[in-house]
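Asks: One file is attached below, entry.cif, containing mmCIF, C-alpha atoms.
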```
data_structure
#
loop_
_atom_site.group_PDB
_atom_site.id
_atom_site.type_symbol
_atom_site.label_atom_id
_atom_site.label_comp_id
_atom_site.auth_asym_id
_atom_site.auth_seq_id
_atom_site.Cartn_x
_atom_site.Cartn_y
_atom_site.Cartn_z
ATOM 1 C CA MET A 1 24.305 1.577 -16.618
ATOM 2 C CA GLY A 2 22.267 0.272 -19.553
ATOM 3 C CA ALA A 3 19.939 1.997 -21.978
ATOM 4 C CA GLY A 4 17.002 0.245 -20.287
ATOM 5 C CA TRP A 5 17.777 1.851 -16.937
ATOM 6 C CA VAL A 6 18.305 5.273 -18.504
ATOM 7 C CA ALA A 7 14.877 5.122 -20.151
ATOM 8 C CA GLY A 8 13.225 3.539 -17.121
ATOM 9 C CA VAL A 9 14.585 5.989 -14.560
ATOM 10 C CA THR A 10 13.950 8.983 -16.804
ATOM 11 C CA ARG A 11 10.324 7.914 -17.162
ATOM 12 C CA ALA A 12 10.033 7.192 -13.440
ATOM 13 C CA LYS A 13 11.295 10.637 -12.465
ATOM 14 C CA ALA A 14 9.040 12.326 -14.993
ATOM 15 C CA MET A 15 5.971 10.514 -13.683
ATOM 16 C CA ALA A 16 6.872 11.284 -10.084
ATOM 17 C CA ALA A 17 7.381 14.954 -10.947
ATOM 18 C CA GLY A 18 3.893 15.058 -12.477
ATOM 19 C CA ARG A 19 2.050 13.877 -9.383
ATOM 20 C CA ALA A 20 -0.626 16.089 -7.834
ATOM 21 C CA GLY A 21 1.455 16.997 -4.780
ATOM 22 C CA THR A 22 0.750 18.134 -1.246
ATOM 23 C CA ASP A 23 -0.480 21.616 -2.156
ATOM 24 C CA THR A 24 -3.070 20.214 -4.554
ATOM 25 C CA ALA A 25 -4.190 17.705 -1.943
ATOM 26 C CA ARG A 26 -4.654 20.491 0.607
ATOM 27 C CA ALA A 27 -6.675 22.477 -1.929
ATOM 28 C CA LEU A 28 -8.878 19.461 -2.620
ATOM 29 C CA ALA A 29 -9.426 18.926 1.097
ATOM 30 C CA SER A 30 -10.436 22.602 1.445
ATOM 31 C CA ALA A 31 -13.046 22.394 -1.316
ATOM 32 C CA PRO A 32 -16.555 23.270 -0.084
ATOM 33 C CA ASN A 33 -17.919 19.948 -1.306
ATOM 34 C CA LEU A 34 -16.941 16.805 -3.193
ATOM 35 C CA PRO A 35 -18.157 17.895 -6.668
ATOM 36 C CA GLU A 36 -15.925 20.984 -6.460
ATOM 37 C CA ALA A 37 -12.969 18.835 -5.430
ATOM 38 C CA LEU A 38 -13.584 16.430 -8.304
ATOM 39 C CA ARG A 39 -13.722 19.264 -10.814
ATOM 40 C CA ALA A 40 -10.345 20.426 -9.527
ATOM 41 C CA LEU A 41 -9.035 16.867 -9.862
ATOM 42 C CA THR A 42 -9.594 16.923 -13.632
ATOM 43 C CA GLY A 43 -6.375 18.910 -13.962
ATOM 44 C CA THR A 44 -4.282 16.150 -12.379
ATOM 45 C CA PRO A 45 -3.063 12.695 -13.437
ATOM 46 C CA TYR A 46 -6.197 11.272 -11.771
ATOM 47 C CA ARG A 47 -8.533 12.564 -14.467
ATOM 48 C CA ARG A 48 -8.380 9.184 -16.227
ATOM 49 C CA GLY A 49 -11.799 7.579 -15.818
ATOM 50 C CA LEU A 50 -12.916 10.228 -13.326
ATOM 51 C CA ASP A 51 -16.646 10.985 -13.018
ATOM 52 C CA THR A 52 -17.144 14.426 -11.474
ATOM 53 C CA ARG A 53 -20.620 13.307 -10.316
ATOM 54 C CA ALA A 54 -19.231 10.355 -8.342
ATOM 55 C CA GLY A 55 -19.687 9.763 -4.644
ATOM 56 C CA ALA A 56 -16.721 9.648 -2.274
ATOM 57 C CA ALA A 57 -16.119 5.893 -2.426
ATOM 58 C CA GLU A 58 -16.401 5.794 -6.213
ATOM 59 C CA ALA A 59 -14.092 8.796 -6.602
ATOM 60 C CA GLN A 60 -11.491 7.289 -4.271
ATOM 61 C CA ARG A 61 -11.640 4.052 -6.237
ATOM 62 C CA SER A 62 -11.094 6.030 -9.443
ATOM 63 C CA VAL A 63 -7.916 7.518 -7.941
ATOM 64 C CA ALA A 64 -6.683 4.026 -7.085
ATOM 65 C CA ASP A 65 -7.487 2.836 -10.616
ATOM 66 C CA ALA A 66 -5.474 5.738 -12.002
ATOM 67 C CA LEU A 67 -2.523 4.757 -9.801
ATOM 68 C CA VAL A 68 -2.683 1.181 -11.086
ATOM 69 C CA TRP A 69 -2.568 2.529 -14.639
ATOM 70 C CA GLN A 70 0.425 4.727 -13.791
ATOM 71 C CA LEU A 71 2.286 1.775 -12.312
ATOM 72 C CA ARG A 72 1.491 -0.393 -15.321
ATOM 73 C CA VAL A 73 2.916 2.300 -17.612
ATOM 74 C CA LEU A 74 5.951 2.718 -15.387
ATOM 75 C CA ALA A 75 6.613 -1.027 -15.313
ATOM 76 C CA GLY A 76 6.447 -1.121 -19.103
ATOM 77 C CA TRP A 77 9.386 1.290 -19.335
ATOM 78 C CA GLN A 78 11.645 -0.720 -17.045
ATOM 79 C CA PRO A 79 14.247 -3.390 -17.708
ATOM 80 C CA GLN A 80 13.259 -6.796 -16.374
ATOM 81 C CA SER A 81 14.481 -6.289 -12.816
ATOM 82 C CA GLY A 82 12.816 -2.879 -12.635
ATOM 83 C CA ALA A 83 9.517 -4.303 -13.838
ATOM 84 C CA ARG A 84 9.721 -7.002 -11.155
ATOM 85 C CA ALA A 85 10.290 -4.305 -8.536
ATOM 86 C CA VAL A 86 7.241 -2.329 -9.639
ATOM 87 C CA ARG A 87 5.145 -5.517 -9.603
ATOM 88 C CA LEU A 88 6.245 -6.343 -6.071
ATOM 89 C CA LEU A 89 5.597 -2.822 -4.808
ATOM 90 C CA ALA A 90 2.128 -2.943 -6.401
ATOM 91 C CA ALA A 91 1.254 -6.205 -4.621
ATOM 92 C CA GLY A 92 -1.340 -4.433 -2.496
ATOM 93 C CA PHE A 93 -3.690 -4.258 -5.452
ATOM 94 C CA GLU A 94 -3.622 -8.026 -5.941
ATOM 95 C CA ILE A 95 -4.316 -8.307 -2.219
ATOM 96 C CA GLU A 96 -7.298 -5.952 -2.542
ATOM 97 C CA ASN A 97 -8.651 -7.987 -5.454
ATOM 98 C CA THR A 98 -8.354 -11.117 -3.331
ATOM 99 C CA ARG A 99 -10.083 -9.440 -0.378
ATOM 100 C CA ASP A 100 -13.011 -8.425 -2.584
ATOM 101 C CA LEU A 101 -13.203 -11.923 -4.031
ATOM 102 C CA LEU A 102 -13.344 -13.509 -0.578
ATOM 103 C CA ARG A 103 -15.890 -10.984 0.691
ATOM 104 C CA SER A 104 -18.262 -11.298 -2.263
ATOM 105 C CA PRO A 105 -21.706 -12.661 -1.368
ATOM 106 C CA THR A 106 -22.351 -16.316 -2.108
ATOM 107 C CA GLY A 107 -23.597 -16.578 -5.648
ATOM 108 C CA GLY A 108 -23.074 -12.866 -6.279
ATOM 109 C CA PRO A 109 -20.360 -11.168 -8.329
ATOM 110 C CA PRO A 110 -17.472 -9.501 -6.480
ATOM 111 C CA PRO A 111 -16.687 -5.830 -7.134
ATOM 112 C CA ALA A 112 -14.847 -5.126 -10.374
ATOM 113 C CA PRO A 113 -11.191 -6.012 -9.732
ATOM 114 C CA TYR A 114 -8.264 -3.724 -10.364
ATOM 115 C CA ARG A 115 -6.998 -4.292 -13.891
ATOM 116 C CA LEU A 116 -3.451 -5.337 -13.115
ATOM 117 C CA GLY A 117 -2.111 -6.474 -16.471
ATOM 118 C CA ALA A 118 1.590 -7.239 -16.102
ATOM 119 C CA LEU A 119 1.467 -6.193 -12.428
ATOM 120 C CA ALA A 120 -0.367 -9.419 -11.570
ATOM 121 C CA THR A 121 1.449 -12.427 -10.182
ATOM 122 C CA VAL A 122 -1.361 -14.927 -9.717
ATOM 123 C CA TRP A 123 -4.579 -12.926 -10.089
ATOM 124 C CA PRO A 124 -5.754 -14.554 -13.357
ATOM 125 C CA ARG A 125 -5.818 -17.911 -11.531
ATOM 126 C CA LEU A 126 -7.221 -16.451 -8.318
ATOM 127 C CA SER A 127 -10.065 -14.752 -10.151
ATOM 128 C CA ALA A 128 -11.317 -18.168 -11.274
ATOM 129 C CA ALA A 129 -11.319 -19.602 -7.726
ATOM 130 C CA GLY A 130 -14.745 -20.798 -6.709
ATOM 131 C CA SER A 131 -14.253 -20.956 -2.945
ATOM 132 C CA ALA A 132 -12.031 -19.798 -0.120
ATOM 133 C CA ALA A 133 -10.369 -23.203 -0.161
ATOM 134 C CA ASP A 134 -9.611 -22.736 -3.857
ATOM 135 C CA VAL A 135 -8.080 -19.324 -3.140
ATOM 136 C CA ARG A 136 -5.808 -20.866 -0.523
ATOM 137 C CA ALA A 137 -4.801 -23.663 -2.895
ATOM 138 C CA VAL A 138 -3.871 -21.223 -5.664
ATOM 139 C CA LEU A 139 -1.848 -19.051 -3.307
ATOM 140 C CA ALA A 140 -0.016 -22.081 -1.943
ATOM 141 C CA THR A 141 1.405 -22.831 -5.401
ATOM 142 C CA SER A 142 2.501 -19.244 -6.049
ATOM 143 C CA VAL A 143 5.042 -16.719 -4.759
ATOM 144 C CA TRP A 144 2.531 -15.785 -2.060
ATOM 145 C CA GLY A 145 2.802 -19.152 -0.338
ATOM 146 C CA ASP A 146 0.188 -21.004 1.715
ATOM 147 C CA PRO A 147 -1.600 -18.439 3.940
ATOM 148 C CA GLY A 148 -2.182 -21.114 6.570
ATOM 149 C CA GLY A 149 -5.948 -20.612 6.653
ATOM 150 C CA ASP A 150 -8.831 -19.778 4.364
ATOM 151 C CA THR A 151 -10.825 -17.107 6.188
ATOM 152 C CA CYS A 152 -10.636 -13.654 4.666
ATOM 153 C CA GLY A 153 -8.694 -12.270 7.619
ATOM 154 C CA GLU A 154 -6.177 -15.125 7.617
ATOM 155 C CA VAL A 155 -5.595 -14.935 3.873
ATOM 156 C CA ILE A 156 -5.229 -11.153 3.655
ATOM 157 C CA THR A 157 -2.942 -10.856 6.688
ATOM 158 C CA ALA A 158 -0.732 -13.664 5.391
ATOM 159 C CA MET A 159 -0.590 -12.087 1.927
ATOM 160 C CA ARG A 160 0.388 -8.704 3.360
ATOM 161 C CA LEU A 161 3.170 -10.225 5.446
ATOM 162 C CA SER A 162 4.334 -12.333 2.505
ATOM 163 C CA ALA A 163 4.573 -9.219 0.337
ATOM 164 C CA ALA A 164 6.420 -7.322 3.074
ATOM 165 C CA ALA A 165 8.908 -10.159 3.594
ATOM 166 C CA ARG A 166 9.598 -10.454 -0.138
ATOM 167 C CA THR A 167 9.961 -6.689 -0.464
ATOM 168 C CA ALA A 168 12.483 -6.554 2.365
ATOM 169 C CA ALA A 169 14.431 -9.482 0.889
ATOM 170 C CA HIS A 170 14.529 -8.347 -2.728
ATOM 171 C CA LEU A 171 14.255 -4.541 -2.638
ATOM 172 C CA PRO A 172 16.736 -3.098 -0.125
ATOM 173 C CA PRO A 173 15.620 0.528 -0.781
ATOM 174 C CA ALA A 174 12.112 -0.428 0.411
ATOM 175 C CA ALA A 175 13.115 -2.752 3.274
ATOM 176 C CA ARG A 176 12.558 -0.113 5.977
ATOM 177 C CA TRP A 177 9.019 0.572 4.764
ATOM 178 C CA ALA A 178 8.217 -3.123 4.581
ATOM 179 C CA ALA A 179 9.431 -3.743 8.132
ATOM 180 C CA GLY A 180 7.492 -0.762 9.439
ATOM 181 C CA GLU A 181 4.320 -1.837 7.667
ATOM 182 C CA ALA A 182 4.663 -5.349 9.083
ATOM 183 C CA ALA A 183 5.162 -3.951 12.588
ATOM 184 C CA LEU A 184 1.938 -1.960 12.296
ATOM 185 C CA LEU A 185 0.014 -4.872 10.815
ATOM 186 C CA VAL A 186 1.024 -7.368 13.501
ATOM 187 C CA ALA A 187 0.380 -4.810 16.231
ATOM 188 C CA ARG A 188 -3.157 -4.283 14.956
ATOM 189 C CA GLU A 189 -3.940 -7.932 14.305
ATOM 190 C CA VAL A 190 -2.521 -9.382 17.508
ATOM 191 C CA HIS A 191 -2.543 -6.639 20.105
ATOM 192 C CA LEU A 192 -5.613 -4.629 19.080
ATOM 193 C CA THR A 193 -8.047 -7.108 17.561
ATOM 194 C CA GLY A 194 -6.746 -10.195 19.397
ATOM 195 C CA ARG A 195 -6.384 -12.391 16.325
ATOM 196 C CA ARG A 196 -3.691 -15.041 16.082
ATOM 197 C CA LEU A 197 -1.354 -15.202 13.107
ATOM 198 C CA THR A 198 -1.318 -18.372 11.070
ATOM 199 C CA ALA A 199 1.960 -20.289 11.123
ATOM 200 C CA PRO A 200 3.124 -19.034 7.670
ATOM 201 C CA ALA A 201 2.184 -15.449 8.553
ATOM 202 C CA ALA A 202 4.071 -15.723 11.839
ATOM 203 C CA ARG A 203 7.173 -16.989 10.012
ATOM 204 C CA ASP A 204 7.139 -14.040 7.618
ATOM 205 C CA ALA A 205 6.538 -11.658 10.527
ATOM 206 C CA ALA A 206 9.469 -13.143 12.450
ATOM 207 C CA ARG A 207 11.792 -12.572 9.474
ATOM 208 C CA LEU A 208 10.932 -8.881 9.572
ATOM 209 C CA LEU A 209 10.282 -8.194 13.254
ATOM 210 C CA GLY A 210 12.201 -10.865 15.139
ATOM 211 C CA ARG A 211 10.869 -13.986 16.836
ATOM 212 C CA ALA A 212 10.760 -12.399 20.268
ATOM 213 C CA ALA A 213 8.459 -9.631 19.029
ATOM 214 C CA VAL A 214 6.092 -12.051 17.300
ATOM 215 C CA ARG A 215 5.888 -14.184 20.445
ATOM 216 C CA ALA A 216 5.393 -11.209 22.795
ATOM 217 C CA ALA A 217 2.387 -11.508 25.085
ATOM 218 C CA THR A 218 1.798 -7.777 25.544
ATOM 219 C CA PHE A 219 2.035 -4.690 23.388
ATOM 220 C CA ALA A 220 4.771 -3.251 25.602
ATOM 221 C CA GLN A 221 6.851 -6.408 25.163
ATOM 222 C CA TYR A 222 6.134 -6.356 21.440
ATOM 223 C CA ARG A 223 7.496 -2.822 21.102
ATOM 224 C CA GLU A 224 10.506 -3.670 23.254
ATOM 225 C CA HIS A 225 11.517 -6.687 21.180
ATOM 226 C CA LEU A 226 10.898 -5.292 17.679
ATOM 227 C CA ALA A 227 13.852 -5.546 15.321
ATOM 228 C CA PRO A 228 15.623 -2.199 14.867
ATOM 229 C CA ALA A 229 14.529 -1.946 11.227
ATOM 230 C CA ALA A 230 10.869 -2.014 12.289
ATOM 231 C CA ARG A 231 10.970 -0.142 15.593
ATOM 232 C CA TRP A 232 10.640 3.307 14.026
ATOM 233 C CA ALA A 233 7.052 2.661 12.971
ATOM 234 C CA LEU A 234 5.859 2.425 16.584
ATOM 235 C CA ALA A 235 7.880 5.296 18.024
ATOM 236 C CA ASP A 236 5.895 7.149 20.693
ATOM 237 C CA VAL A 237 2.969 4.716 20.448
ATOM 238 C CA GLU A 238 2.027 3.893 24.024
ATOM 239 C CA GLY A 239 -0.791 1.475 23.312
ATOM 240 C CA PRO A 240 -2.700 -0.270 20.504
ATOM 241 C CA GLN A 241 -5.412 2.407 20.640
ATOM 242 C CA ASP A 242 -2.910 4.863 19.148
ATOM 243 C CA LEU A 243 -2.016 2.715 16.172
ATOM 244 C CA TRP A 244 -4.061 4.810 13.763
ATOM 245 C CA ARG A 245 -1.688 7.720 14.293
ATOM 246 C CA ALA A 246 1.333 5.508 13.660
ATOM 247 C CA GLU A 247 -0.294 4.100 10.532
ATOM 248 C CA ALA A 248 -0.911 7.634 9.260
ATOM 249 C CA ARG A 249 2.715 8.614 9.979
ATOM 250 C CA TRP A 250 3.964 5.678 7.928
ATOM 251 C CA TRP A 251 2.961 7.394 4.685
ATOM 252 C CA PRO A 252 4.830 10.700 5.205
ATOM 253 C CA ALA A 253 7.883 8.692 6.295
ATOM 254 C CA VAL A 254 7.743 6.724 3.038
ATOM 255 C CA ASP A 255 7.342 9.961 1.113
ATOM 256 C CA ARG A 256 10.458 11.490 2.670
ATOM 257 C CA ASP A 257 12.486 8.402 1.796
ATOM 258 C CA ALA A 258 11.036 8.409 -1.715
ATOM 259 C CA GLN A 259 12.199 11.975 -2.325
ATOM 260 C CA SER A 260 15.700 11.003 -1.215
ATOM 261 C CA LEU A 261 15.743 8.050 -3.613
ATOM 262 C CA LEU A 262 14.475 10.185 -6.483
ATOM 263 C CA SER A 263 17.103 12.835 -5.916
ATOM 264 C CA GLY A 264 19.911 10.389 -6.586
ATOM 265 C CA ALA A 265 21.777 10.936 -9.826
ATOM 266 C CA ARG A 266 22.220 7.279 -10.740
ATOM 267 C CA PHE A 267 20.156 5.499 -13.364
ATOM 268 C CA ALA A 268 19.372 2.484 -11.205
ATOM 269 C CA LEU A 269 16.686 0.646 -9.266
ATOM 270 C CA PRO A 270 16.461 2.965 -6.207
ATOM 271 C CA ALA A 271 15.044 5.799 -8.321
ATOM 272 C CA VAL A 272 12.317 3.498 -9.661
ATOM 273 C CA VAL A 273 11.473 2.353 -6.126
ATOM 274 C CA GLY A 274 11.312 5.995 -5.090
ATOM 275 C CA ALA A 275 8.970 6.829 -7.958
ATOM 276 C CA VAL A 276 6.559 4.018 -7.109
ATOM 277 C CA ALA A 277 6.529 5.136 -3.491
ATOM 278 C CA ALA A 278 6.012 8.809 -4.391
ATOM 279 C CA LEU A 279 3.130 7.986 -6.732
ATOM 280 C CA SER A 280 1.532 5.709 -4.135
ATOM 281 C CA VAL A 281 1.781 8.328 -1.387
ATOM 282 C CA ASP A 282 0.314 10.928 -3.723
ATOM 283 C CA ALA A 283 -2.710 8.730 -4.439
ATOM 284 C CA TRP A 284 -3.149 8.126 -0.696
ATOM 285 C CA ARG A 285 -3.103 11.880 -0.041
ATOM 286 C CA VAL A 286 -5.616 12.599 -2.791
ATOM 287 C CA ARG A 287 -7.966 9.863 -1.584
ATOM 288 C CA ALA A 288 -7.791 11.295 1.945
ATOM 289 C CA ALA A 289 -8.433 14.806 0.585
ATOM 290 C CA LEU A 290 -11.512 13.633 -1.281
ATOM 291 C CA GLY A 291 -12.818 12.056 1.913
ATOM 292 C CA CYS A 292 -12.304 15.392 3.644
ATOM 293 C CA ALA A 293 -14.103 17.304 0.876
ATOM 294 C CA ALA A 294 -17.009 14.868 1.041
ATOM 295 C CA HIS A 295 -17.502 15.959 4.661
ATOM 296 C CA GLY A 296 -17.510 19.624 3.701
ATOM 297 C CA GLY A 297 -13.996 20.202 5.038
ATOM 298 C CA ARG A 298 -15.040 19.295 8.581
ATOM 299 C CA ALA A 299 -12.237 16.718 8.705
ATOM 300 C CA ARG A 300 -9.579 19.242 7.601
ATOM 301 C CA GLU A 301 -7.786 19.205 10.944
ATOM 302 C CA ALA A 302 -7.475 15.430 10.837
ATOM 303 C CA PHE A 303 -6.321 15.649 7.219
ATOM 304 C CA ASP A 304 -3.570 18.122 8.135
ATOM 305 C CA GLU A 305 -2.413 15.742 10.850
ATOM 306 C CA LEU A 306 -2.273 12.894 8.361
ATOM 307 C CA LEU A 307 0.110 14.869 6.173
ATOM 308 C CA GLY A 308 2.565 15.102 9.051
#
```
Any chance you could give the structure as structure tokens?

Replies:
Amino acid sequence: MGAGWVAGVTRAKAMAAGRAGTDTARALASAPNLPEALRALTGTPYRRGLDTRAGAAEAQRSVADALVWQLRVLAGWQPQSGARAVRLLAAGFEIENTRDLLRSPTGGPPPAPYRLGALATVWPRLSAAGSAADVRAVLATSVWGDPGGDTCGEVITAMRLSAAARTAAHLPPAARWAAGEAALLVAREVHLTGRRLTAPAARDAARLLGRAAVRAATFAQYREHLAPAARWALADVEGPQDLWRAEARWWPAVDRDAQSLLSGARFALPAVVGAVAALSVDAWRVRAALGCAAHGGRAREAFDELLG
């Protein structure tokens, strides 16, 4: 145990303890309208940059921006290995920046990217890419690896599987989540939308799910052959049309694991992983609650189901 881990874990637990929480999310979802929910949100860690006059999409983006800021602060308190862990667990924001870059209209500016700071791995170079081919070339020379294609779908799917494979390999406390996320992603891409994985994406998927699952011709065979570490994510899912429920259940499962990691007494990496997960789940809940409030609470039943 070093002084760096004591400071880093202490900060991680304090930030996790300060999250909005399930009760606040339920209250936000029960608000009569979005402006009321946003006024209530000013008493939470998501008040940073929040505009109480914002629409649903803008407000949800503000919550995500606040999470990025929290993770940047958290990473700054960690020893080197802890900071690397936070960066890897925050990889989804670099993926979102890349998605927006690839989707931007020709000749038009993309949406404002997440401000990643030290959480970025290759974004400063990606942001200067002038074409999809340039994006692929930059990724190929980075930890992300060659996505195997340059369409938006090919790049984003490959990046997500690359992040999941690296998470499982380097962060054992998060390996179960990474495998489950990969199982859901491949199920949606291959067995719901009918897209084929690029060769690099298929290799990363096979590391997490098993070769037999990746090569499966049907959804039933896919479920049957999934590696044990990933099988939990598709429990009770009879067909691809039910994937949305499994995807929603992934978050509460991560939250339960996060609480277990945070409750450990040791000043070590698992507590930091748990804090990142708890903060990420909290932001997901709040974003869902704001969507519910924007519909006047009419989606409350669906929101309650999402919470598990």

Asks: Near range 131-137 of chain A, within 9 Å and counting all atoms listed in the file, which residues show up once chain neighbours fewer than 6 positions away are dropped, as number ranges by chain?

Replies: A: 98, 101-102, 125, 145-152, 155

Asks: As a check of understanding, name the residues that the PyMOL selection byres ((chain A and resi 74) around 12) selects in the supplied structure, as a ChimeraX atom specification.

Replies: /A:5,7-16,67-73,75-79,82-87,89-90,118-119,271-273,275-276,279

Asks: What residues come out when you apply the PyMOL selection byres ((chain A and resi 286) around 8) to this file, written as a PyMOL selection string?

Replies: chain A and resi 20+25+28+63+282-285+287-290

Asks: What would the selection look like, as a PyMOL selection string, if the PyMOL selection byres ((chain A and resi 126) around 8) were run on the coordinates I just shared?

Replies: chain A and resi 98+122-125+127-129+135+138-139

Asks: Contacts of Ala187 in chain A at 8 Å or less, counting all atoms listed in the file, minus same-chain residues fewer than 5 places along, as a count of residues only?

Replies: 5

Asks: Quick one: of A:Gly274, A:Ala293, A:Gln241, A:Arg215, who's nearest to Ser260 in chain A, counting all atoms listed in the file?

Replies: A:Gly274

Asks: In Å, with one decimal, what is the gap from CA of Ser30 in chain A to CA of Ala56 in chain A?

Replies: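 Atom-to-atom, CA of Ser30 in chain A and CA of Ala56 in chain A are spaced 14.9 Å apart.
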
Asks: Work out how far CA of Thr24 in chain A is from CA of Leu269 in chain A, in Å to one decimal.

Replies: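 It comes out at 28.2 Å.
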
Asks: Just the number, please: distance in Å from CA of Ala258 in chain A to CA of Ala64 in chain A, one decimal.

Replies: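 CA of Ala64 in chain A lies at a distance of 19.0 Å from CA of Ala258 in chain A.
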
Asks: Counting all atoms listed in the file, figure out which residue out of A:Leu88, A:Ala220, A:Thr157, A:Pro109 gets nearest to Ala174 in chain A.

Replies: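 Checking each of A:Leu88, A:Ala220, A:Thr157, A:Pro109 against Ala174 in chain A, counting all atoms listed in the file, the winner is A:Leu88.
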
Asks: So, counting all atoms listed in the file, which residue among A:Ala37, A:Ala278, A:Leu184, A:Leu197 is closest to Arg245 in chain A?

Replies: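 Smallest separation from Arg245 in chain A among the options: A:Leu184.
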
Asks: Between A:Gly296, A:Gly194, A:Pro252, A:Gly92, which residue has the minimum interatomic distance to Glu36 in chain A, considering all atoms listed in the file?

Replies: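 Among A:Gly296, A:Gly194, A:Pro252, A:Gly92, it is A:Gly296 that comes nearest to Glu36 in chain A.
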
Asks: Report the centre and edge lengths, in Å to one decimal, of an axis-aligned box enclosing every atom of range 154-173 of chain A listed in the file, padded by 4 Å on each side, as lines of an AutoDock Vina configuration file.

Replies:
```
center_x = 5.3
center_y = -7.3
center_z = 2.4
size_x = 30.9
size_y = 23.7
size_z = 18.3
```

Asks: Nearest to Gly4 in chain A among A:Thr141, A:Ser104, A:Ser162, A:Gln80, with distances taken over all atoms listed in the file: which residue is it?

Replies: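 Using all atoms listed in the file, the shortest distance to Gly4 in chain A belongs to A:Gln80.
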
Asks: Find the residues near Asn97 in chain A: any atom within 10 Å, counting only C-alpha atoms, skip ones fewer than 6 places away on the same chain, and give them as a list of chain:residue names.

Replies: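 Result of the neighbour search: A:Arg103, A:Pro110, A:Pro111, A:Ala112, A:Pro113, A:Tyr114, A:Arg115, A:Leu116, A:Trp123, A:Leu126, A:Ser127.
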
Asks: Have a look at A:Glu96, A:Asp257, A:Glu224, A:Glu154 and name the one nearest to Arg61 in chain A; count all atoms listed in the file.

Replies: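 That would be A:Glu96, the residue with the smallest distance to Arg61 in chain A.
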
Asks: Can you sort out range 280-284 of chain A so it carries all heavy atoms, written as a PDB file, in the coordinates of the input?

Replies:
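The new file result.pdb reads:
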```
ATOM      1  N   SER A 280       2.467   6.361  -5.054  1.00  0.00           N
ATOM      2  CA  SER A 280       1.532   5.709  -4.135  1.00  0.00           C
ATOM      3  C   SER A 280       1.121   6.637  -3.000  1.00  0.00           C
ATOM      4  O   SER A 280      -0.053   6.701  -2.624  1.00  0.00           O
ATOM      5  CB  SER A 280       2.162   4.427  -3.572  1.00  0.00           C
ATOM      6  OG  SER A 280       2.477   3.519  -4.611  1.00  0.00           O
ATOM      7  N   VAL A 281       2.093   7.369  -2.452  1.00  0.00           N
ATOM      8  CA  VAL A 281       1.781   8.328  -1.387  1.00  0.00           C
ATOM      9  C   VAL A 281       0.875   9.425  -1.927  1.00  0.00           C
ATOM     10  O   VAL A 281      -0.072   9.857  -1.258  1.00  0.00           O
ATOM     11  CB  VAL A 281       3.071   8.928  -0.797  1.00  0.00           C
ATOM     12  CG1 VAL A 281       2.738  10.052   0.182  1.00  0.00           C
ATOM     13  CG2 VAL A 281       3.890   7.855  -0.098  1.00  0.00           C
ATOM     14  N   ASP A 282       1.132   9.871  -3.133  1.00  0.00           N
ATOM     15  CA  ASP A 282       0.314  10.928  -3.723  1.00  0.00           C
ATOM     16  C   ASP A 282      -1.142  10.478  -3.850  1.00  0.00           C
ATOM     17  O   ASP A 282      -2.064  11.241  -3.526  1.00  0.00           O
ATOM     18  CB  ASP A 282       0.869  11.305  -5.091  1.00  0.00           C
ATOM     19  CG  ASP A 282       0.295  12.592  -5.627  1.00  0.00           C
ATOM     20  OD1 ASP A 282       0.513  13.653  -4.991  1.00  0.00           O
ATOM     21  OD2 ASP A 282      -0.384  12.558  -6.674  1.00  0.00           O
ATOM     22  N   ALA A 283      -1.351   9.250  -4.318  1.00  0.00           N
ATOM     23  CA  ALA A 283      -2.710   8.730  -4.439  1.00  0.00           C
ATOM     24  C   ALA A 283      -3.367   8.620  -3.065  1.00  0.00           C
ATOM     25  O   ALA A 283      -4.564   8.917  -2.912  1.00  0.00           O
ATOM     26  CB  ALA A 283      -2.697   7.378  -5.141  1.00  0.00           C
ATOM     27  N   TRP A 284      -2.606   8.200  -2.068  1.00  0.00           N
ATOM     28  CA  TRP A 284      -3.149   8.126  -0.696  1.00  0.00           C
ATOM     29  C   TRP A 284      -3.579   9.501  -0.216  1.00  0.00           C
ATOM     30  O   TRP A 284      -4.657   9.659   0.373  1.00  0.00           O
ATOM     31  CB  TRP A 284      -2.084   7.540   0.233  1.00  0.00           C
ATOM     32  CG  TRP A 284      -2.413   7.656   1.688  1.00  0.00           C
ATOM     33  CD1 TRP A 284      -3.289   6.878   2.399  1.00  0.00           C
ATOM     34  CD2 TRP A 284      -1.886   8.627   2.609  1.00  0.00           C
ATOM     35  NE1 TRP A 284      -3.321   7.304   3.719  1.00  0.00           N
ATOM     36  CE2 TRP A 284      -2.481   8.361   3.867  1.00  0.00           C
ATOM     37  CE3 TRP A 284      -0.967   9.659   2.491  1.00  0.00           C
ATOM     38  CZ2 TRP A 284      -2.178   9.118   5.001  1.00  0.00           C
ATOM     39  CZ3 TRP A 284      -0.667  10.420   3.619  1.00  0.00           C
ATOM     40  CH2 TRP A 284      -1.271  10.144   4.853  1.00  0.00           C
TER      41      TRP A 284
END
```
